[in-house]
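> Below you'll find protein-v1.txt; it's compact mmCIF, C-alpha atoms.
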```
# COMPACT_ATOMS: atom_id res chain seq x y z
CA MET Y 1 25.34 -39.97 -27.48
CA ALA Y 2 23.65 -37.66 -25.02
CA ILE Y 3 22.74 -34.13 -25.97
CA ARG Y 4 25.52 -31.65 -25.33
CA TRP Y 5 23.86 -28.64 -23.85
CA SER Y 6 26.79 -26.39 -24.69
CA ARG Y 7 25.97 -27.02 -28.35
CA VAL Y 8 22.30 -26.21 -27.76
CA ALA Y 9 23.37 -22.95 -26.13
CA SER Y 10 25.68 -22.25 -29.07
CA ILE Y 11 22.84 -22.68 -31.57
CA LEU Y 12 20.60 -20.33 -29.61
CA ALA Y 13 23.43 -17.80 -29.24
CA ALA Y 14 24.18 -17.99 -32.96
CA GLY Y 15 20.52 -17.31 -33.73
CA LEU Y 16 20.50 -14.30 -31.44
CA VAL Y 17 23.79 -12.85 -32.72
CA LEU Y 18 22.95 -13.39 -36.39
CA GLY Y 19 19.49 -11.95 -35.80
CA LEU Y 20 20.83 -8.82 -34.12
CA ALA Y 21 23.49 -8.38 -36.78
CA TRP Y 22 20.95 -8.79 -39.59
CA ASN Y 23 18.62 -6.38 -37.81
CA ALA Y 24 21.36 -3.80 -37.49
CA TRP Y 25 22.90 -3.99 -40.95
CA SER Y 26 20.47 -5.47 -43.44
CA GLY Y 27 18.40 -2.32 -43.81
CA ARG Y 28 15.28 -4.36 -43.08
CA GLY Y 29 15.61 -4.16 -39.31
CA LEU Y 30 13.10 -2.90 -36.81
CA ALA Y 31 13.61 -0.59 -33.85
CA LEU Y 32 13.85 -2.95 -30.90
CA ALA Y 33 12.01 -0.62 -28.55
CA GLY Y 34 9.53 0.59 -31.16
CA ASN Y 35 5.99 -0.43 -31.99
CA ALA Y 36 5.98 -2.58 -35.14
CA PHE Y 37 2.33 -1.70 -35.76
CA VAL Y 38 3.60 1.74 -36.73
CA ARG Y 39 5.08 1.19 -40.17
CA GLU Y 40 7.73 3.09 -41.99
CA GLY Y 41 6.24 6.12 -43.66
CA ASP Y 42 3.28 6.19 -41.29
CA ALA Y 43 2.51 9.52 -39.77
CA ILE Y 44 0.47 7.87 -37.04
CA GLU Y 45 0.56 9.49 -33.65
CA GLU Y 46 -0.35 7.68 -30.48
CA VAL Y 47 -2.04 9.32 -27.55
CA SER Y 48 -2.13 8.20 -23.92
CA VAL Y 49 -5.44 7.39 -22.31
CA GLU Y 50 -5.29 10.48 -20.09
CA ASP Y 51 -4.71 12.76 -23.06
CA ALA Y 52 -7.44 10.99 -24.98
CA ARG Y 53 -9.85 11.67 -22.13
CA ALA Y 54 -8.88 15.32 -22.11
CA ARG Y 55 -9.45 15.50 -25.86
CA MET Y 56 -12.85 13.89 -25.46
CA ASP Y 57 -13.84 16.65 -23.06
CA LYS Y 58 -12.84 19.15 -25.75
CA GLY Y 59 -15.08 17.42 -28.26
CA ALA Y 60 -12.80 14.89 -29.96
CA LEU Y 61 -14.54 12.23 -32.03
CA PHE Y 62 -13.78 8.65 -31.03
CA LEU Y 63 -13.83 5.76 -33.48
CA ASP Y 64 -14.06 2.10 -32.51
CA ALA Y 65 -12.01 -0.03 -34.92
CA ARG Y 66 -12.94 -3.38 -33.35
CA PRO Y 67 -15.38 -5.81 -34.96
CA ARG Y 68 -18.95 -4.55 -34.66
CA ASP Y 69 -19.94 -7.22 -32.10
CA PHE Y 70 -17.44 -5.79 -29.63
CA TYR Y 71 -18.73 -2.28 -30.18
CA ASP Y 72 -22.27 -3.46 -29.56
CA MET Y 73 -21.26 -4.93 -26.22
CA SER Y 74 -19.51 -1.83 -24.93
CA HIS Y 75 -17.57 1.14 -26.19
CA VAL Y 76 -16.30 4.58 -25.29
CA PRO Y 77 -19.32 6.87 -24.86
CA GLY Y 78 -20.01 8.80 -28.05
CA ALA Y 79 -17.63 6.66 -30.11
CA LEU Y 80 -18.75 5.68 -33.59
CA PRO Y 81 -18.19 2.20 -35.01
CA LEU Y 82 -15.63 2.08 -37.81
CA PRO Y 83 -14.63 -1.59 -37.77
CA GLU Y 84 -11.43 -2.38 -39.63
CA ASP Y 85 -12.93 -5.59 -41.04
CA ASP Y 86 -15.81 -3.63 -42.62
CA PHE Y 87 -14.01 -0.36 -43.27
CA ASP Y 88 -15.34 0.67 -46.67
CA ARG Y 89 -19.00 0.32 -45.82
CA ALA Y 90 -18.69 1.90 -42.38
CA PHE Y 91 -16.55 4.72 -43.77
CA ALA Y 92 -19.12 5.57 -46.43
CA ALA Y 93 -21.74 6.00 -43.74
CA LEU Y 94 -19.51 8.20 -41.59
CA GLU Y 95 -17.49 10.15 -44.15
CA ASP Y 96 -19.28 13.48 -43.77
CA ARG Y 97 -18.97 13.45 -40.00
CA LEU Y 98 -15.33 12.42 -40.18
CA ARG Y 99 -14.48 15.20 -42.61
CA SER Y 100 -16.05 17.80 -40.34
CA HIS Y 101 -13.99 16.76 -37.32
CA PHE Y 102 -10.43 17.89 -36.72
CA ASP Y 103 -9.66 15.77 -33.70
CA ILE Y 104 -10.24 12.06 -34.16
CA VAL Y 105 -9.08 9.27 -31.84
CA VAL Y 106 -9.17 5.62 -32.96
CA TYR Y 107 -9.00 2.71 -30.57
CA CYS Y 108 -9.20 -1.09 -30.63
CA SER Y 109 -8.52 -3.91 -28.18
CA GLY Y 110 -5.11 -2.86 -26.89
CA TYR Y 111 -1.53 -3.92 -27.41
CA GLY Y 112 -2.10 -7.02 -29.49
CA CYS Y 113 -4.65 -5.28 -31.68
CA GLU Y 114 -3.61 -3.70 -34.96
CA ALA Y 115 -7.03 -2.54 -36.17
CA SER Y 116 -6.71 1.04 -34.86
CA HIS Y 117 -3.41 1.52 -36.69
CA ILE Y 118 -4.86 0.08 -39.89
CA VAL Y 119 -7.92 2.33 -39.66
CA ALA Y 120 -5.77 5.39 -38.94
CA ARG Y 121 -3.63 4.50 -41.98
CA LYS Y 122 -6.70 4.09 -44.21
CA LEU Y 123 -8.08 7.40 -42.97
CA ALA Y 124 -4.73 9.08 -43.63
CA ALA Y 125 -4.93 7.81 -47.21
CA LYS Y 126 -8.24 9.67 -47.46
CA ARG Y 127 -6.59 12.75 -45.99
CA ILE Y 128 -8.31 12.40 -42.62
CA ARG Y 129 -6.01 12.71 -39.64
CA ALA Y 130 -6.61 10.34 -36.76
CA THR Y 131 -4.66 9.59 -33.60
CA VAL Y 132 -4.39 6.10 -32.15
CA LEU Y 133 -5.28 5.52 -28.50
CA HIS Y 134 -2.22 3.80 -27.01
CA GLU Y 135 -3.20 0.49 -25.38
CA GLY Y 136 -6.73 0.91 -26.69
CA PHE Y 137 -10.03 0.14 -25.01
CA PRO Y 138 -8.52 -1.94 -22.14
CA ALA Y 139 -6.54 1.13 -21.04
CA TRP Y 140 -9.76 3.14 -21.10
CA THR Y 141 -11.63 0.68 -18.89
CA ASP Y 142 -8.60 0.13 -16.63
CA ALA Y 143 -8.46 3.87 -16.05
CA GLY Y 144 -12.04 3.67 -14.79
CA TYR Y 145 -13.38 5.98 -17.50
CA PRO Y 146 -17.05 5.71 -18.45
CA VAL Y 147 -18.24 3.02 -20.84
CA LYS Y 148 -21.42 2.84 -22.86
CA GLU Y 149 -23.02 -0.58 -23.17
CA GLY Y 150 -25.26 -1.58 -26.03
CA PRO Y 151 -25.19 -0.85 -29.77
CA GLN Y 152 -26.09 2.88 -29.75
CA PRO Y 153 -23.26 5.43 -29.72
CA MET A 1 11.35 -51.28 -35.12
CA THR A 2 15.09 -51.66 -35.45
CA TRP A 3 14.95 -49.78 -38.75
CA LEU A 4 14.27 -46.64 -36.70
CA ARG A 5 17.80 -46.89 -35.43
CA HIS A 6 19.31 -47.00 -38.86
CA PRO A 7 21.56 -43.98 -39.42
CA ALA A 8 20.01 -43.39 -42.84
CA VAL A 9 16.59 -42.92 -41.25
CA HIS A 10 18.01 -40.30 -38.92
CA ARG A 11 19.77 -38.58 -41.78
CA ALA A 12 16.59 -38.45 -43.86
CA ALA A 13 14.45 -37.25 -40.94
CA GLY A 14 17.03 -34.57 -40.20
CA VAL A 15 17.05 -33.30 -43.78
CA LEU A 16 13.25 -33.20 -43.80
CA LEU A 17 12.88 -31.40 -40.48
CA GLY A 18 15.75 -29.08 -41.32
CA ALA A 19 14.22 -28.18 -44.68
CA VAL A 20 10.91 -27.31 -43.02
CA PHE A 21 12.61 -24.98 -40.56
CA LEU A 22 15.00 -23.41 -43.01
CA TYR A 23 12.08 -22.71 -45.33
CA ALA A 24 10.04 -21.34 -42.43
CA SER A 25 12.82 -18.90 -41.54
CA LEU A 26 13.19 -17.25 -44.96
CA ASP A 27 10.13 -15.00 -45.08
CA LYS A 28 10.62 -13.96 -41.45
CA ILE A 29 14.24 -13.04 -42.10
CA ALA A 30 13.20 -11.03 -45.13
CA GLN A 31 10.45 -9.15 -43.28
CA PRO A 32 11.18 -8.88 -39.56
CA ALA A 33 8.66 -6.09 -38.91
CA GLU A 34 5.84 -8.15 -40.42
CA PHE A 35 6.84 -11.05 -38.24
CA ALA A 36 6.96 -8.80 -35.16
CA ARG A 37 3.36 -7.73 -35.81
CA ILE A 38 2.30 -11.38 -35.92
CA ILE A 39 4.04 -12.01 -32.60
CA TYR A 40 2.11 -9.07 -31.14
CA HIS A 41 -1.14 -10.72 -32.20
CA TYR A 42 -0.43 -13.71 -29.97
CA GLN A 43 -0.23 -11.42 -26.91
CA VAL A 44 2.07 -13.77 -25.03
CA ILE A 45 5.45 -12.06 -24.72
CA GLY A 46 4.05 -8.61 -25.29
CA PRO A 47 3.82 -5.93 -26.11
CA SER A 48 2.11 -5.05 -22.86
CA ALA A 49 2.28 -2.34 -20.23
CA ARG A 50 4.58 -4.51 -18.12
CA LEU A 51 6.84 -5.90 -20.86
CA GLY A 52 6.90 -3.05 -23.35
CA TYR A 53 7.91 -3.79 -26.95
CA VAL A 54 11.44 -5.15 -26.49
CA PRO A 55 10.80 -8.86 -25.72
CA ALA A 56 8.46 -9.33 -28.68
CA ASN A 57 10.76 -7.40 -31.05
CA LEU A 58 13.84 -9.26 -29.86
CA PHE A 59 12.04 -12.54 -30.40
CA ALA A 60 11.06 -11.44 -33.91
CA VAL A 61 14.72 -10.70 -34.63
CA ALA A 62 16.30 -13.81 -33.11
CA LEU A 63 13.78 -16.56 -33.78
CA PRO A 64 14.06 -16.70 -37.60
CA TRP A 65 17.85 -16.98 -37.45
CA THR A 66 17.65 -19.66 -34.79
CA GLU A 67 15.31 -21.58 -37.10
CA ALA A 68 17.72 -21.07 -39.97
CA VAL A 69 20.81 -22.18 -38.03
CA ALA A 70 19.06 -25.25 -36.62
CA GLY A 71 17.63 -26.02 -40.06
CA VAL A 72 21.02 -25.86 -41.77
CA LEU A 73 22.61 -28.05 -39.09
CA LEU A 74 19.82 -30.63 -39.41
CA ILE A 75 20.20 -30.73 -43.19
CA ALA A 76 23.98 -31.02 -42.92
CA GLY A 77 23.71 -33.63 -40.21
CA VAL A 78 26.04 -31.67 -37.96
CA TRP A 79 25.10 -31.50 -34.27
CA ARG A 80 21.89 -33.23 -35.29
CA ARG A 81 20.70 -34.07 -31.78
CA GLU A 82 21.28 -30.58 -30.48
CA ALA A 83 19.69 -28.90 -33.49
CA ALA A 84 16.70 -31.21 -33.13
CA ALA A 85 16.47 -30.30 -29.46
CA VAL A 86 16.42 -26.59 -30.31
CA VAL A 87 13.71 -27.16 -32.90
CA GLY A 88 11.78 -29.20 -30.34
CA VAL A 89 11.93 -26.37 -27.80
CA LEU A 90 10.72 -23.91 -30.46
CA LEU A 91 7.84 -26.21 -31.33
CA VAL A 92 6.83 -26.62 -27.68
CA ALA A 93 6.88 -22.83 -27.24
CA PHE A 94 4.84 -22.41 -30.41
CA LEU A 95 2.29 -25.03 -29.37
CA ALA A 96 1.92 -23.28 -26.02
CA ALA A 97 1.45 -19.91 -27.75
CA VAL A 98 -1.17 -21.19 -30.18
CA GLY A 99 -2.94 -23.14 -27.43
CA SER A 100 -3.10 -20.14 -25.14
CA ALA A 101 -4.35 -17.91 -27.96
CA LEU A 102 -7.11 -20.40 -28.72
CA LEU A 103 -8.06 -20.65 -25.05
CA ARG A 104 -8.22 -16.87 -24.74
CA GLY A 105 -10.36 -16.63 -27.86
CA ILE A 106 -7.77 -14.66 -29.82
CA ASP A 107 -8.29 -15.18 -33.53
CA ILE A 108 -4.93 -15.23 -35.31
CA GLU A 109 -5.49 -15.09 -39.05
CA ASN A 110 -1.89 -15.73 -39.96
CA CYS A 111 0.05 -18.00 -37.65
CA GLY A 112 3.38 -16.67 -38.96
CA CYS A 113 4.57 -20.17 -39.73
CA PHE A 114 5.80 -19.89 -43.29
CA THR A 115 4.65 -16.52 -44.58
CA VAL A 116 4.36 -13.29 -42.67
CA ASP A 117 2.42 -11.06 -45.01
CA GLY A 118 -0.94 -11.50 -46.60
CA ALA A 119 -2.87 -14.66 -45.98
CA GLY A 120 -1.18 -17.37 -44.00
CA ARG A 121 -2.53 -20.34 -42.12
CA ARG A 122 -4.95 -19.58 -39.34
CA ALA A 123 -3.75 -20.59 -35.89
CA GLY A 124 -5.99 -23.48 -34.96
CA LEU A 125 -6.18 -27.10 -33.93
CA TRP A 126 -4.99 -28.44 -37.29
CA LEU A 127 -1.91 -26.33 -37.02
CA MET A 128 -1.24 -27.70 -33.55
CA LEU A 129 -1.62 -31.23 -34.87
CA GLY A 130 0.92 -30.60 -37.62
CA ASP A 131 3.32 -29.11 -35.10
CA ALA A 132 2.87 -32.05 -32.77
CA ALA A 133 3.94 -34.30 -35.65
CA LEU A 134 7.05 -32.16 -36.25
CA LEU A 135 7.69 -32.24 -32.51
CA ALA A 136 7.59 -36.04 -32.56
CA VAL A 137 10.25 -36.06 -35.29
CA SER A 138 12.45 -33.63 -33.38
CA VAL A 139 12.16 -35.59 -30.13
CA PHE A 140 13.02 -38.75 -32.05
CA LEU A 141 16.11 -37.14 -33.55
CA ALA A 142 17.19 -35.61 -30.26
CA ALA A 143 16.74 -38.69 -28.12
CA ALA A 144 16.61 -41.92 -30.11
CA PRO A 145 19.77 -44.00 -30.39
CA THR A 146 21.18 -44.78 -33.81
CA ARG A 147 22.99 -48.02 -34.65
CA ARG A 148 21.73 -51.37 -33.55
CA GLU A 149 22.80 -52.40 -30.13
CA PRO A 150 25.45 -55.06 -30.39
CA ALA A 151 23.66 -57.16 -27.76
CA ARG A 152 20.74 -57.62 -30.13
CA ALA A 153 21.80 -60.97 -31.46
CA GLU A 154 22.31 -61.54 -35.11
CA THR A 155 20.21 -64.63 -34.55
CA PRO A 156 17.52 -64.85 -37.20
CA GLU A 157 14.01 -64.86 -35.86
CA GLY A 158 12.72 -68.33 -35.08
CA ALA A 159 16.17 -69.76 -34.86
CA LEU A 160 16.25 -69.34 -31.12
CA THR A 161 17.04 -72.66 -29.55
CA LEU A 162 14.58 -73.86 -26.99
CA PRO A 163 15.94 -74.61 -23.59
CA VAL A 164 15.73 -78.32 -23.83
CA GLY A 165 17.28 -80.77 -21.57
CA ARG A 166 16.03 -79.13 -18.39
CA GLU A 167 14.03 -81.45 -16.25
```
Starting from the file, give its structure as structure tokens.


Amino acid sequence: MAIRWSRVASILAAGLVLGLAWNAWSGRGLALAGNAFVREGDAIEEVSVEDARARMDKGALFLDARPRDFYDMSHVPGALPLPEDDFDRAFAALEDRLRSHFDIVVYCSGYGCEASHIVARKLAAKRIRATVLHEGFPAWTDAGYPVKEGPQP
Amino acid sequence: MTWLRHPAVHRAAGVLLGAVFLYASLDKIAQPAEFARIIYHYQVIGPSARLGYVPANLFAVALPWTEAVAGVLLIAGVWRREAAAVVGVLLVAFLAAVGSALLRGIDIENCGCFTVDGAGRRAGLWLMLGDAALLAVSVFLAAAPTRREPARAETPEGALTLPVGRE
């Protein structure tokens, strides 16, 4: 009555095969190499950290989509706080500045963080174009780019 | 605890565990991209600079169907031990993922257990406790023997004869 490992392997293989088949033919599938944070119908562009830096030097406006506490600890110099969890209030305070900028970069806490995509999507709904910083703030600090500590932009 | 070996107990436990996993698979099968996003939030198998997006996406695609297959087998009582073993492995992996997220201070609003969009259960200690209970059931089904052992005498309790006559 011991476990037959060939059966265990069969169950796992069946899950994988059915999953791949469903993904390919159900019409609900996702691109296996794609970023699921970018949804269908999104016109969200991502920018590498090097390109983001270059844009900053040309005057791009950076937005920090992380919770305000994180912003207050440290952020990209000059970035403004537009936390995803307090979007409406923060947006109201920033709207005029956002509408006068044509190059906006949004970032959050990196790969596992969805806030920058959500903020970019909400901005797009208000007809403000924003680009998402790929890999977010960790990529910025890893690259050794400057960081501003404390709550002021 | 001989009742634990009764085949009917195993059958019932299998149906219960299988129903939980089959139910858990449905929303993920219906919305794989939503489920993929939840996997990203855990930050265990990516995405990351090293792993890219493929491992997390592949997991999002294969896991729900593995849950469904194992769930159906458990309900049907076919390959019960093996299906329970698969479910047990999934639960161990899930416990490790939730535990590591908690340790790293990652707040996961929706654990991706039963629903993948909108509000789900937060990944926390209560969730781990519930999963530990499910894990206990799956280990039981995978490892415990059914049927009473024949050696266990049919002797009613208390009817054991005392070894008398020995000096």

> Excluding Y:Gly29 and residues on its chain fewer than 6 positions from it, collect all residues at most 10 Å away from it, counting all atoms listed in the file, and give them as a PyMOL selection string.

(chain Y and resi 19-23) or (chain A and resi 29-33+61)

> Between Y:Lys122, Y:Lys148, Y:His134, Y:Arg55, which has the minimum distance to chain A (counting only C-alpha atoms)?

Y:His134

> Scan for residues within 12 Å of the point (-3.9, -1.0, -41.1) in the coordinates of the file, using all atoms listed in the file, and reply as a list in words.

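In the file's frame, the residues around the point are Ala36, Phe37, Val38, Arg39, Asp42, Ile44, Ala65, Pro83, Glu84, Asp85, Phe87, Val106, Cys108, Cys113, Glu114, Ala115, Ser116, His117, Ile118, Val119, Ala120, Arg121, Lys122, Leu123, Ala124, Ala125 and Val132 of chain Y; Arg37 of chain A.
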
> Selected residues, C-alpha atoms, written as a short mmCIF file (atom, residue, chain, number, x, y, z; two decimals), keeping the file's coordinate frame, please.


```cif
data_model
loop_
_atom_site.label_atom_id
_atom_site.label_comp_id
_atom_site.auth_asym_id
_atom_site.auth_seq_id
_atom_site.Cartn_x
_atom_site.Cartn_y
_atom_site.Cartn_z
CA ALA Y 36 5.98 -2.58 -35.14
CA PHE Y 37 2.33 -1.70 -35.76
CA VAL Y 38 3.60 1.74 -36.73
CA ARG Y 39 5.08 1.19 -40.17
CA ASP Y 42 3.28 6.19 -41.29
CA ILE Y 44 0.47 7.87 -37.04
CA ALA Y 65 -12.01 -0.03 -34.92
CA PRO Y 83 -14.63 -1.59 -37.77
CA GLU Y 84 -11.43 -2.38 -39.63
CA ASP Y 85 -12.93 -5.59 -41.04
CA PHE Y 87 -14.01 -0.36 -43.27
CA VAL Y 106 -9.17 5.62 -32.96
CA CYS Y 108 -9.20 -1.09 -30.63
CA CYS Y 113 -4.65 -5.28 -31.68
CA GLU Y 114 -3.61 -3.70 -34.96
CA ALA Y 115 -7.03 -2.54 -36.17
CA SER Y 116 -6.71 1.04 -34.86
CA HIS Y 117 -3.41 1.52 -36.69
CA ILE Y 118 -4.86 0.08 -39.89
CA VAL Y 119 -7.92 2.33 -39.66
CA ALA Y 120 -5.77 5.39 -38.94
CA ARG Y 121 -3.63 4.50 -41.98
CA LYS Y 122 -6.70 4.09 -44.21
CA LEU Y 123 -8.08 7.40 -42.97
CA ALA Y 124 -4.73 9.08 -43.63
CA ALA Y 125 -4.93 7.81 -47.21
CA VAL Y 132 -4.39 6.10 -32.15
CA ARG A 37 3.36 -7.73 -35.81
#
```

> Pick out the closest residue to chain A from this set: Y:Ala139, Y:Leu63, Y:Ala52, Y:Ala130. Count all atoms listed in the file.

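Closest candidate: Y:Ala139.
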
> Please, which residues in chain A fall within 7 Å of chain Y when counting all atoms listed in the file, and what is the closest atom pair and distance in Å to one decimal for each, ordered by chain then residue number, as a Markdown table?


```
| residue | atom | partner | partner_atom | distance |
| --- | --- | --- | --- | --- |
| A:Gln31 | CA | Y:Arg28 | CA | 6.8 |
| A:Pro32 | CA | Y:Gly29 | CA | 6.5 |
| A:Ala33 | CA | Y:Ala36 | CA | 5.8 |
| A:Ala36 | CA | Y:Ala36 | CA | 6.3 |
| A:Arg37 | CA | Y:Ala36 | CA | 5.8 |
| A:Tyr40 | CA | Y:Gly112 | CA | 5.0 |
| A:His41 | CA | Y:Gly112 | CA | 4.7 |
| A:Tyr42 | CA | Y:Gly112 | CA | 6.9 |
| A:Gln43 | CA | Y:Gly112 | CA | 5.4 |
| A:Pro47 | CA | Y:Tyr111 | CA | 5.9 |
| A:Ser48 | CA | Y:Tyr111 | CA | 5.9 |
| A:Tyr53 | CA | Y:Ala33 | CA | 5.4 |
| A:Val54 | CA | Y:Ala33 | CA | 5.0 |
| A:Asn57 | CA | Y:Leu32 | CA | 5.4 |
| A:Leu58 | CA | Y:Leu32 | CA | 6.4 |
| A:Val61 | CA | Y:Gly19 | CA | 5.1 |
| A:Ala62 | CA | Y:Leu16 | CA | 4.5 |
| A:Leu63 | CA | Y:Gly15 | CA | 6.8 |
| A:Trp65 | CA | Y:Gly15 | CA | 4.6 |
| A:Thr66 | CA | Y:Gly15 | CA | 3.9 |
| A:Val69 | CA | Y:Gly15 | CA | 6.5 |
| A:Ala70 | CA | Y:Ile11 | CA | 6.8 |
| A:Arg81 | CA | Y:Ile3 | CA | 6.2 |
| A:Glu82 | CA | Y:Val8 | CA | 5.2 |
| A:Ala83 | CA | Y:Val8 | CA | 6.8 |
| A:Val86 | CA | Y:Val8 | CA | 6.4 |
```

> I need the residue nearest Y:Thr131 from this list: Y:Leu80, Y:Ala90, Y:Val147, Y:Val105. Use all atoms listed in the file for the distance.

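Among the listed residues, the smallest separation from Y:Thr131 belongs to Y:Val105.
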
> So which residues are close to (-21.4, -3.6, -26.5), meaning at most 10 Å away in the file's coordinates with all atoms listed in the file counted, and can you show them as a count of residues only?

16

> Rank nothing, just name the residue among A:Ile38, A:Leu74, A:Val44, A:Met128 nearest to A:His10, using only C-alpha atoms.

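For A:His10, the nearest of the candidates is A:Leu74.
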
> What does the distance from atom CA of Y:Glu45 to atom CA of Y:Arg129 come to in Å, to one decimal?

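These atoms are spaced 9.5 Å apart.
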
> Name the residues in contact with stretch 99-111 of chain A at a cut-off of 12 Å, using all atoms listed in the file, excluding same-chain residues fewer than 2 positions from it; report them as a VMD selection string.

(chain Y and resid 67 109 112 to 114) or (chain A and resid 24 28 34 to 45 91 to 97 113 to 129 131 to 132)

> Atom CA of A:Ala68 and atom CA of A:Leu22, how far apart in Å?

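So the answer is 4.7 Å.
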
> As an exercise, work out the distance from atom CA of A:Leu4 to atom CA of A:Leu16 in Å and give it to one decimal place.

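Separation of atom CA of A:Leu4 and atom CA of A:Leu16: 15.2 Å.
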
> From the set A:Val98, A:Ala56, A:Val89, A:Val15, which residue has the shortest atom-to-atom contact distance to A:Ala76, counting all atoms listed in the file?

A:Val15

> Please provide as number ranges by chain all residues within 8 Å of A:Ser138, with the sequence filter that same-chain residues fewer than 2 positions apart are discarded (counting only C-alpha atoms).

A: 17, 84-85, 87-88, 134-136, 140-142

> Which is closer to Y:Asp64 than all the others in Y:Val49, Y:Ile128, Y:Ile104, Y:Ala93, using only C-alpha atoms?

Y:Ile104
